[in-house]
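**Q** Structure supplied as work.tsv; contents: TSV, C-alpha atoms and all ligand atoms.
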chain	number	residue	atom	x	y	z
D	1	MET	CA	-4.55	25.64	12.86
D	2	SER	CA	-4.91	24.67	16.51
D	3	THR	CA	-1.77	23.67	18.37
D	4	PHE	CA	-0.80	20.04	18.48
D	5	ARG	CA	1.05	18.04	21.09
D	6	VAL	CA	3.22	14.95	20.69
D	7	ARG	CA	3.46	12.76	23.80
D	8	PRO	CA	4.17	9.16	24.80
D	9	ALA	CA	1.08	6.93	24.50
D	10	GLN	CA	-0.68	5.62	27.57
D	11	ALA	CA	-2.83	2.51	27.94
D	12	ARG	CA	-5.98	4.58	27.42
D	13	ASP	CA	-4.72	5.45	23.91
D	14	CYS	CA	-4.98	1.85	22.65
D	15	PRO	CA	-8.37	2.31	20.89
D	16	ASP	CA	-6.97	5.35	19.02
D	17	ILE	CA	-3.75	3.50	18.21
D	18	LEU	CA	-5.78	0.66	16.67
D	19	ARG	CA	-7.91	3.16	14.72
D	20	LEU	CA	-4.77	4.75	13.26
D	21	ILE	CA	-3.12	1.37	12.55
D	22	LYS	CA	-6.22	0.44	10.54
D	23	GLU	CA	-6.26	3.78	8.72
D	24	LEU	CA	-2.61	3.38	7.76
D	25	ALA	CA	-3.26	-0.20	6.61
D	26	ALA	CA	-6.20	1.07	4.52
D	27	HIS	CA	-3.80	3.59	2.96
D	28	GLY	CA	-2.07	0.52	1.44
D	29	ASN	CA	-5.31	-1.41	0.79
D	30	ASN	CA	-4.39	-3.81	3.59
D	31	THR	CA	-7.25	-3.28	6.04
D	32	ASP	CA	-8.01	-7.01	6.30
D	33	ALA	CA	-4.40	-7.73	7.25
D	34	VAL	CA	-4.83	-6.03	10.63
D	35	LYS	CA	-5.55	-8.87	13.06
D	36	ILE	CA	-4.37	-7.18	16.24
D	37	THR	CA	-6.91	-6.17	18.92
D	38	ILE	CA	-7.04	-3.50	21.60
D	39	ILE	CA	-6.35	-6.23	24.17
D	40	ASP	CA	-3.17	-7.26	22.27
D	41	LEU	CA	-2.03	-3.65	22.17
D	42	LEU	CA	-2.69	-3.22	25.89
D	43	LYS	CA	-0.98	-6.46	26.84
D	44	ASP	CA	2.05	-6.03	24.58
D	45	GLY	CA	2.71	-2.33	25.07
D	46	PHE	CA	1.74	-1.52	28.62
D	47	GLY	CA	2.86	-4.41	30.80
D	48	ASP	CA	6.14	-4.94	32.67
D	49	HIS	CA	8.10	-5.65	29.48
D	50	PRO	CA	6.68	-3.53	26.64
D	51	LEU	CA	7.28	-4.96	23.18
D	52	TYR	CA	6.56	-1.61	21.53
D	53	TYR	CA	6.17	2.07	22.34
D	54	CYS	CA	4.07	4.79	20.71
D	55	LEU	CA	4.15	8.52	20.37
D	56	ILE	CA	0.73	10.12	19.96
D	57	ALA	CA	-0.05	13.43	18.22
D	58	GLU	CA	-3.18	15.13	19.47
D	59	VAL	CA	-5.05	18.37	18.89
D	60	PRO	CA	-7.62	20.10	21.12
D	61	ASP	CA	-11.19	19.08	20.20
D	62	ASP	CA	-14.16	20.02	22.36
D	63	ALA	CA	-16.31	17.42	20.59
D	64	GLN	CA	-14.30	14.63	22.24
D	65	LEU	CA	-14.92	13.49	25.82
D	66	THR	CA	-11.19	13.75	26.48
D	67	GLY	CA	-11.02	17.25	24.95
D	68	THR	CA	-8.44	16.07	22.42
D	69	LEU	CA	-8.44	14.24	19.09
D	70	THR	CA	-5.62	11.84	18.25
D	71	VAL	CA	-4.44	12.69	14.73
D	72	GLY	CA	-1.15	10.86	14.35
D	73	PHE	CA	1.15	8.29	15.86
D	74	ALA	CA	4.46	6.52	15.60
D	75	MET	CA	5.00	2.97	16.84
D	76	TYR	CA	8.58	1.98	17.60
D	77	TYR	CA	10.70	-0.43	19.58
D	78	PHE	CA	14.32	-1.12	20.29
D	79	THR	CA	16.23	-3.81	18.53
D	80	TYR	CA	19.82	-4.93	18.27
D	81	ASP	CA	22.31	-5.20	15.44
D	82	PRO	CA	25.37	-7.41	15.99
D	83	TRP	CA	27.58	-4.91	14.12
D	84	ILE	CA	26.43	-1.63	15.64
D	85	GLY	CA	24.41	-2.50	18.74
D	86	LYS	CA	21.22	-0.82	19.86
D	87	LEU	CA	18.93	0.75	17.28
D	88	LEU	CA	15.45	2.21	17.18
D	89	TYR	CA	13.06	0.56	14.77
D	90	LEU	CA	10.19	2.73	13.50
D	91	GLU	CA	7.30	0.42	12.70
D	92	ASP	CA	4.38	2.76	11.90
D	93	PHE	CA	4.34	6.51	11.20
D	94	TYR	CA	1.06	8.16	10.28
D	95	VAL	CA	-0.71	11.53	10.38
D	96	VAL	CA	-4.37	11.69	9.34
D	97	GLU	CA	-4.89	13.46	6.03
D	98	PRO	CA	-6.49	16.76	7.21
D	99	PHE	CA	-3.58	17.34	9.58
D	100	ARG	CA	-0.70	16.64	7.17
D	101	GLY	CA	1.77	19.29	6.12
D	102	LEU	CA	1.44	21.11	9.45
D	103	GLY	CA	4.67	19.98	11.07
D	104	ILE	CA	3.25	17.07	13.09
D	105	GLY	CA	5.37	14.49	11.21
D	106	PRO	CA	8.59	16.47	11.73
D	107	GLU	CA	7.80	16.88	15.45
D	108	ILE	CA	7.27	13.12	15.77
D	109	LEU	CA	10.59	12.50	13.96
D	110	ARG	CA	12.30	15.06	16.23
D	111	LYS	CA	11.02	13.31	19.36
D	112	LEU	CA	11.94	9.87	17.96
D	113	SER	CA	15.45	11.14	17.21
D	114	GLN	CA	15.78	12.45	20.77
D	115	ILE	CA	14.61	9.08	22.16
D	116	ALA	CA	17.08	7.25	19.91
D	117	ILE	CA	20.00	9.45	20.92
D	118	THR	CA	19.27	9.44	24.66
D	119	SER	CA	18.80	5.64	24.54
D	120	GLY	CA	22.23	5.16	22.95
D	121	CYS	CA	20.94	4.03	19.54
D	122	SER	CA	23.19	4.58	16.56
D	123	CYS	CA	20.40	4.72	13.98
D	124	MET	CA	16.68	4.44	13.24
D	125	ASN	CA	15.56	1.79	10.74
D	126	PHE	CA	12.21	1.50	8.99
D	127	LEU	CA	10.57	-0.07	5.95
D	128	VAL	CA	8.82	1.77	3.13
D	129	VAL	CA	6.69	-0.22	0.70
D	130	ILE	CA	8.01	0.09	-2.86
D	131	TRP	CA	4.97	1.95	-4.28
D	132	ASN	CA	5.04	4.62	-1.57
D	133	GLN	CA	7.18	7.02	-3.58
D	134	THR	CA	5.91	10.03	-1.63
D	135	SER	CA	7.17	8.57	1.63
D	136	THR	CA	10.43	7.43	0.04
D	137	GLU	CA	11.06	10.98	-1.14
D	138	TYR	CA	9.99	12.34	2.26
D	139	TYR	CA	12.64	10.26	4.04
D	140	ILE	CA	15.39	10.67	1.45
D	141	LYS	CA	14.92	14.44	1.54
D	142	ARG	CA	15.57	14.22	5.28
D	143	GLY	CA	18.75	12.21	4.79
D	144	ALA	CA	17.59	8.59	5.05
D	145	ARG	CA	19.56	5.95	3.10
D	146	ASP	CA	17.75	3.25	1.09
D	147	LEU	CA	19.51	0.08	2.27
D	148	SER	CA	17.66	-2.15	-0.22
D	149	THR	CA	19.09	-0.39	-3.24
D	150	GLN	CA	22.41	0.60	-1.66
D	151	GLU	CA	23.19	-2.64	0.21
D	152	GLY	CA	20.84	-5.18	-1.42
D	153	TRP	CA	18.94	-6.35	1.66
D	154	HIS	CA	15.68	-8.29	1.28
D	155	LEU	CA	13.10	-8.67	4.02
D	156	PHE	CA	12.21	-12.31	4.73
D	157	ARG	CA	9.57	-13.96	6.88
D	158	PHE	CA	8.80	-17.43	8.18
D	159	ASN	CA	5.03	-17.65	8.70
D	160	LYS	CA	3.56	-19.61	11.59
D	161	LYS	CA	3.05	-22.67	9.36
D	162	GLU	CA	6.79	-22.86	8.67
D	163	LEU	CA	7.61	-22.09	12.30
D	164	LEU	CA	5.41	-24.97	13.46
D	165	LYS	CA	6.99	-27.26	10.88
D	166	MET	CA	10.52	-26.39	11.99
D	167	ALA	CA	9.57	-26.44	15.66
D	168	ASN	CA	8.36	-29.99	15.29
D	169	GLU	CA	11.31	-31.29	13.28
D	170	ASP	CA	13.37	-33.91	15.07
W	201	LIG	C1	4.53	10.77	6.15
W	201	LIG	C2	3.64	11.59	7.08
W	201	LIG	C3	3.54	10.89	8.43
W	201	LIG	C4	4.25	12.98	7.25
W	201	LIG	O1	3.49	13.70	8.20
W	201	LIG	P1	3.22	15.29	8.04
W	201	LIG	O2	2.77	15.78	9.38
W	201	LIG	O3	2.33	15.53	6.90
W	201	LIG	O4	4.67	15.84	7.73
W	201	LIG	P2	5.07	17.28	7.15
W	201	LIG	O5	4.36	18.32	7.94
W	201	LIG	O6	6.56	17.30	7.10
W	201	LIG	O7	4.51	17.31	5.65
W	201	LIG	C5	4.92	16.32	4.75
W	201	LIG	C6	5.04	16.88	3.36
W	201	LIG	O8	3.75	16.94	2.76
W	201	LIG	C7	3.48	18.30	2.33
W	201	LIG	N1	2.07	18.65	2.53
W	201	LIG	C8	1.59	19.87	2.70
W	201	LIG	N2	0.27	19.83	2.83
W	201	LIG	C9	-0.10	18.54	2.74
W	201	LIG	C10	-1.34	17.87	2.82
W	201	LIG	N3	-2.51	18.53	3.00
W	201	LIG	N4	-1.36	16.54	2.71
W	201	LIG	C11	-0.24	15.85	2.54
W	201	LIG	N5	0.99	16.45	2.46
W	201	LIG	C12	1.05	17.78	2.57
W	201	LIG	C13	4.36	19.12	3.20
W	201	LIG	O9	4.61	20.33	2.55
W	201	LIG	C14	5.62	18.26	3.31
W	201	LIG	O10	6.37	18.37	2.14
W	201	LIG	P3	7.96	18.26	2.13
W	201	LIG	O11	8.28	16.79	2.27
W	201	LIG	O12	8.35	18.80	0.81
W	201	LIG	O13	8.48	19.06	3.30
W	201	LIG	C15	2.22	11.75	6.48
W	201	LIG	O14	2.33	12.35	5.21
W	201	LIG	C16	1.45	10.44	6.34
W	201	LIG	O15	0.86	9.98	7.31
W	201	LIG	N6	1.46	9.85	5.15
W	201	LIG	C17	0.65	8.66	4.87
W	201	LIG	C18	1.14	7.46	5.62
W	201	LIG	C19	2.53	7.07	5.25
W	201	LIG	O16	2.86	6.98	4.08
W	201	LIG	N7	3.34	6.85	6.30
W	201	LIG	C20	4.69	6.43	6.14
W	201	LIG	C21	4.77	4.96	5.96
W	201	LIG	S1	6.44	4.47	5.73
Represent the structure from my file as structure tokens, please.
Ligand SMILES: CC(C)(COP(=O)(O)OP(=O)(O)OC[C@H]1O[C@@H](n2cnc3c(N)ncnc32)[C@H](O)[C@@H]1OP(=O)(O)O)[C@@H](O)C(=O)NCCC(=O)NCCS
**A**
Amino acid sequence: MSTFRVRPAQARDCPDILRLIKELAAHGNNTDAVKITIIDLLKDGFGDHPLYYCLIAEVPDDAQLTGTLTVGFAMYYFTYDPWIGKLLYLEDFYVVEPFRGLGIGPEILRKLSQIAITSGCSCMNFLVVIWNQTSTEYYIKRGARDLSTQEGWHLFRFNKKELLKMANED
């Protein structure tokens, strides 16, 4: 196996980030749910006030113009908990199938943990869809706690329709 490298994403990585977001969505049969565009990713992640960050995993590949192929990524951002303060939220974590089981995932998690610690975060939160038993086991094996079963949290959302309704209430 060729060596891989995990590095912070740059603006030029946005097309690959979108490709991997779509692949991960397809993994859950949710391809049509991806509405975001390369322009959104550029604007939201690489301006003066980034709303997200990414780590990119790449391997050497002479067939690519850049000489590398992007084979995995993690999207994360910082958020705040009124009880414990700053925390790192892991939004997407994905390695393409032919490159799984080679240590890329653990290297991404190692780098994320370093970022969390050096940024003063006390934990890293993330969601796992209920049917993704493989991922659940993957995280639990590495010491993650399932807050839904242990603490009873439910994830809620107001969609734009409800937001508009509330925004326009007198
Ligand atoms: C979760 C994921 C990012 C881990 O990345 P990775 O680079 O494969 O991580 P690892 O190298 O630690 O390997 C993961 C496990 O799969 C096993 N594995 C070995 N070969 C494998 C292969 N060809 N394909 C899949 N898994 C393989 C590894 O042995 C390891 O097992 P372990 O948990 O008992 O240690 C990756 O499996 C993935 O992208 N999964 C699909 C997307 C997903 O579910 N993401 C998480 C959403 S919450």
**Q** At what distance in Å, to one decimal, does CA of Asp62 (chain D) lie from CA of Leu24 (chain D)?
**A**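 Interatomic distance here is 25.0 Å.
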**Q** At a cut-off of 6 Å around ligand LIG 201 (chain W), and using only C-alpha atoms and all ligand atoms, what residues come up? Please write them as JSON, numbers by chain.
**A** {"D": [24, 93, 94, 95, 96, 97, 100, 101, 102, 103, 104, 105, 106, 128, 135, 138]}
**Q** When you look at Thr118 (chain D) with a cut-off of 12 Å (counting all atoms listed in the file), what residues show up, excluding the ones that are within fewer than 6 positions of it in the same chain? I need them as an MDAnalysis selection string.
**A** chainID D and resid 86:88 111:112
**Q** How many Å separate CA of Met75 (chain D) from CA of Thr149 (chain D)?
**A**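 Interatomic distance, CA of Met75 (chain D) to CA of Thr149 (chain D): 24.8 Å.
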**Q** So that I can check the surroundings of Ala33 (chain D), please list as an MDAnalysis selection string every protein, DNA and RNA residue that reaches within 12 Å of it, counting only C-alpha atoms and ignoring chain neighbours fewer than 5 positions away.
**A** chainID D and resid 21:26 28
**Q** How far is it from CA of Arg7 (chain D) to CA of Gly85 (chain D), in Å with one decimal?
**A**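 Straight-line distance from CA of Arg7 (chain D) to CA of Gly85 (chain D) works out to 26.4 Å.
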**Q** Pick from D:Gly143, D:Pro82, D:Gly152, D:Pro8: nearest to Ile56 (chain D), with all atoms listed in the file counted?
**A** D:Pro8
**Q** Which polymer residues have any atom within 9 Å of an atom of Pro50 (chain D), counting all atoms listed in the file, with same-chain residues fewer than 6 positions away left out, as a PyMOL selection string?
**A** chain D and resi 43-44+77
**Q** Place a sphere of radius 6 Å on (-0.7, 12.4, 14.4) in the file coordinates and name every protein, DNA or RNA residue with an atom inside or on its surface, counting only C-alpha atoms; give the answer as a ChimeraX atom specification.
**A** /D:57,71-73,95
**Q** Pull C-alpha atoms from the residues just selected and write them as a compact mmCIF listing (two decimals), keeping the file's coordinate frame.
**A**
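Ended up saving to again_9.txt:
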# COMPACT_ATOMS: atom_id res chain seq x y z
CA ALA D 57 -0.05 13.43 18.22
CA VAL D 71 -4.44 12.69 14.73
CA GLY D 72 -1.15 10.86 14.35
CA PHE D 73 1.15 8.29 15.86
CA VAL D 95 -0.71 11.53 10.38
**Q** Would you mind telling me which residue in D:Thr3, D:Asn159, D:Ala116, D:Asp81 lies nearest to Phe99 (chain D) when using only C-alpha atoms?
**A**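 Comparing D:Thr3, D:Asn159, D:Ala116, D:Asp81 against Phe99 (chain D), the winner is D:Thr3.
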**Q** When you count all atoms listed in the file, which of these residues is closest to Gly120 (chain D): D:Leu42, D:Ala74, D:Leu69, D:Tyr80?
**A**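 Of D:Leu42, D:Ala74, D:Leu69, D:Tyr80, the one nearest Gly120 (chain D) is D:Tyr80, counting all atoms listed in the file.
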**Q** I'd like the neighbourhood of Ile84 (chain D) as a PyMOL selection string, where a residue qualifies if any of its atoms comes within 9 Å (using all atoms listed in the file), though same-chain residues fewer than 5 positions away should be ignored.
**A** chain D and resi 121-123
**Q** Export region 60-75 of chain D, all heavy atoms, as an mmCIF file, in the first residue's frame; it's the structure right above.
**A**
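Here's the written file out24.cif:
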data_model
loop_
_atom_site.group_PDB
_atom_site.id
_atom_site.type_symbol
_atom_site.label_atom_id
_atom_site.label_comp_id
_atom_site.auth_asym_id
_atom_site.auth_seq_id
_atom_site.Cartn_x
_atom_site.Cartn_y
_atom_site.Cartn_z
ATOM 1 N N PRO D 60 -0.511 9.109 -3.099
ATOM 2 C CA PRO D 60 0.113 9.450 -4.371
ATOM 3 C C PRO D 60 -0.611 8.744 -5.516
ATOM 4 O O PRO D 60 -1.020 7.592 -5.371
ATOM 5 C CB PRO D 60 1.549 8.909 -4.233
ATOM 6 C CG PRO D 60 1.750 8.669 -2.779
ATOM 7 C CD PRO D 60 0.415 8.379 -2.199
ATOM 8 N N ASP D 61 -0.810 9.448 -6.626
ATOM 9 C CA ASP D 61 -1.470 8.841 -7.790
ATOM 10 C C ASP D 61 -1.040 9.613 -9.040
ATOM 11 O O ASP D 61 -1.477 10.750 -9.270
ATOM 12 C CB ASP D 61 -3.001 8.908 -7.613
ATOM 13 C CG ASP D 61 -3.724 8.204 -8.758
ATOM 14 O OD1 ASP D 61 -3.088 7.903 -9.782
ATOM 15 O OD2 ASP D 61 -4.935 7.964 -8.616
ATOM 16 N N ASP D 62 -0.197 8.973 -9.825
ATOM 17 C CA ASP D 62 0.353 9.630 -11.017
ATOM 18 C C ASP D 62 -0.719 9.927 -12.051
ATOM 19 O O ASP D 62 -0.524 10.777 -12.925
ATOM 20 C CB ASP D 62 1.449 8.753 -11.642
ATOM 21 C CG ASP D 62 2.683 8.691 -10.750
ATOM 22 O OD1 ASP D 62 2.820 9.594 -9.889
ATOM 23 O OD2 ASP D 62 3.470 7.741 -10.885
ATOM 24 N N ALA D 63 -1.859 9.239 -11.970
ATOM 25 C CA ALA D 63 -2.924 9.454 -12.957
ATOM 26 C C ALA D 63 -3.637 10.791 -12.737
ATOM 27 O O ALA D 63 -4.370 11.264 -13.620
ATOM 28 C CB ALA D 63 -3.921 8.314 -12.889
ATOM 29 N N GLN D 64 -3.437 11.396 -11.572
ATOM 30 C CA GLN D 64 -4.101 12.668 -11.276
ATOM 31 C C GLN D 64 -3.185 13.830 -11.650
ATOM 32 O O GLN D 64 -1.959 13.732 -11.480
ATOM 33 C CB GLN D 64 -4.438 12.771 -9.777
ATOM 34 C CG GLN D 64 -5.181 11.588 -9.217
ATOM 35 C CD GLN D 64 -6.551 11.394 -9.844
ATOM 36 O OE1 GLN D 64 -7.280 12.357 -10.052
ATOM 37 N NE2 GLN D 64 -6.879 10.156 -10.157
ATOM 38 N N LEU D 65 -3.771 14.929 -12.093
ATOM 39 C CA LEU D 65 -2.978 16.122 -12.431
ATOM 40 C C LEU D 65 -2.179 16.610 -11.233
ATOM 41 O O LEU D 65 -1.046 17.050 -11.361
ATOM 42 C CB LEU D 65 -3.915 17.252 -12.890
ATOM 43 C CG LEU D 65 -4.359 17.218 -14.352
ATOM 44 C CD1 LEU D 65 -5.353 18.329 -14.620
ATOM 45 C CD2 LEU D 65 -3.138 17.326 -15.271
ATOM 46 N N THR D 66 -2.796 16.506 -10.057
ATOM 47 C CA THR D 66 -2.143 16.985 -8.831
ATOM 48 C C THR D 66 -1.100 15.994 -8.307
ATOM 49 O O THR D 66 -0.322 16.323 -7.421
ATOM 50 C CB THR D 66 -3.189 17.177 -7.716
ATOM 51 O OG1 THR D 66 -3.904 15.932 -7.573
ATOM 52 C CG2 THR D 66 -4.169 18.282 -8.028
ATOM 53 N N GLY D 67 -1.106 14.768 -8.844
ATOM 54 C CA GLY D 67 -0.183 13.738 -8.353
ATOM 55 C C GLY D 67 -0.681 13.026 -7.117
ATOM 56 O O GLY D 67 -0.011 12.140 -6.572
ATOM 57 N N THR D 68 -1.871 13.406 -6.636
ATOM 58 C CA THR D 68 -2.450 12.736 -5.465
ATOM 59 C C THR D 68 -3.930 12.476 -5.693
ATOM 60 O O THR D 68 -4.591 13.189 -6.446
ATOM 61 C CB THR D 68 -2.318 13.594 -4.182
ATOM 62 O OG1 THR D 68 -2.970 14.844 -4.400
ATOM 63 C CG2 THR D 68 -0.867 13.794 -3.780
ATOM 64 N N LEU D 69 -4.438 11.458 -4.999
ATOM 65 C CA LEU D 69 -5.869 11.145 -5.034
ATOM 66 C C LEU D 69 -6.417 11.305 -3.621
ATOM 67 O O LEU D 69 -5.840 10.767 -2.658
ATOM 68 C CB LEU D 69 -6.056 9.696 -5.511
ATOM 69 C CG LEU D 69 -7.482 9.168 -5.551
ATOM 70 C CD1 LEU D 69 -8.313 9.909 -6.607
ATOM 71 C CD2 LEU D 69 -7.477 7.662 -5.840
ATOM 72 N N THR D 70 -7.506 12.045 -3.494
ATOM 73 C CA THR D 70 -8.126 12.243 -2.179
ATOM 74 C C THR D 70 -9.015 11.046 -1.871
ATOM 75 O O THR D 70 -9.945 10.752 -2.624
ATOM 76 C CB THR D 70 -8.943 13.553 -2.171
ATOM 77 O OG1 THR D 70 -8.044 14.615 -2.496
ATOM 78 C CG2 THR D 70 -9.543 13.818 -0.805
ATOM 79 N N VAL D 71 -8.709 10.354 -0.776
ATOM 80 C CA VAL D 71 -9.405 9.086 -0.492
ATOM 81 C C VAL D 71 -10.186 9.112 0.830
ATOM 82 O O VAL D 71 -10.802 8.113 1.203
ATOM 83 C CB VAL D 71 -8.413 7.899 -0.488
ATOM 84 C CG1 VAL D 71 -7.805 7.704 -1.867
ATOM 85 C CG2 VAL D 71 -7.326 8.077 0.572
ATOM 86 N N GLY D 72 -10.146 10.224 1.525
ATOM 87 C CA GLY D 72 -10.902 10.287 2.773
ATOM 88 C C GLY D 72 -10.948 11.709 3.291
ATOM 89 O O GLY D 72 -10.174 12.567 2.852
ATOM 90 N N PHE D 73 -11.882 11.953 4.176
ATOM 91 C CA PHE D 73 -11.956 13.298 4.767
ATOM 92 C C PHE D 73 -12.727 13.264 6.086
ATOM 93 O O PHE D 73 -13.462 12.312 6.384
ATOM 94 C CB PHE D 73 -12.609 14.295 3.795
ATOM 95 C CG PHE D 73 -14.122 14.304 3.828
ATOM 96 C CD1 PHE D 73 -14.816 15.462 4.164
ATOM 97 C CD2 PHE D 73 -14.856 13.169 3.526
ATOM 98 C CE1 PHE D 73 -16.205 15.496 4.205
ATOM 99 C CE2 PHE D 73 -16.243 13.182 3.548
ATOM 100 C CZ PHE D 73 -16.919 14.353 3.886
ATOM 101 N N ALA D 74 -12.506 14.306 6.849
ATOM 102 C CA ALA D 74 -13.327 14.559 8.036
ATOM 103 C C ALA D 74 -13.705 16.027 7.994
ATOM 104 O O ALA D 74 -12.854 16.885 7.731
ATOM 105 C CB ALA D 74 -12.549 14.255 9.313
ATOM 106 N N MET D 75 -14.989 16.304 8.201
ATOM 107 C CA MET D 75 -15.453 17.696 8.300
ATOM 108 C C MET D 75 -15.807 17.956 9.764
ATOM 109 O O MET D 75 -16.503 17.148 10.383
ATOM 110 C CB MET D 75 -16.680 17.913 7.417
ATOM 111 C CG MET D 75 -17.270 19.312 7.560
ATOM 112 S SD MET D 75 -18.749 19.525 6.544
ATOM 113 C CE MET D 75 -18.041 19.942 4.975
#
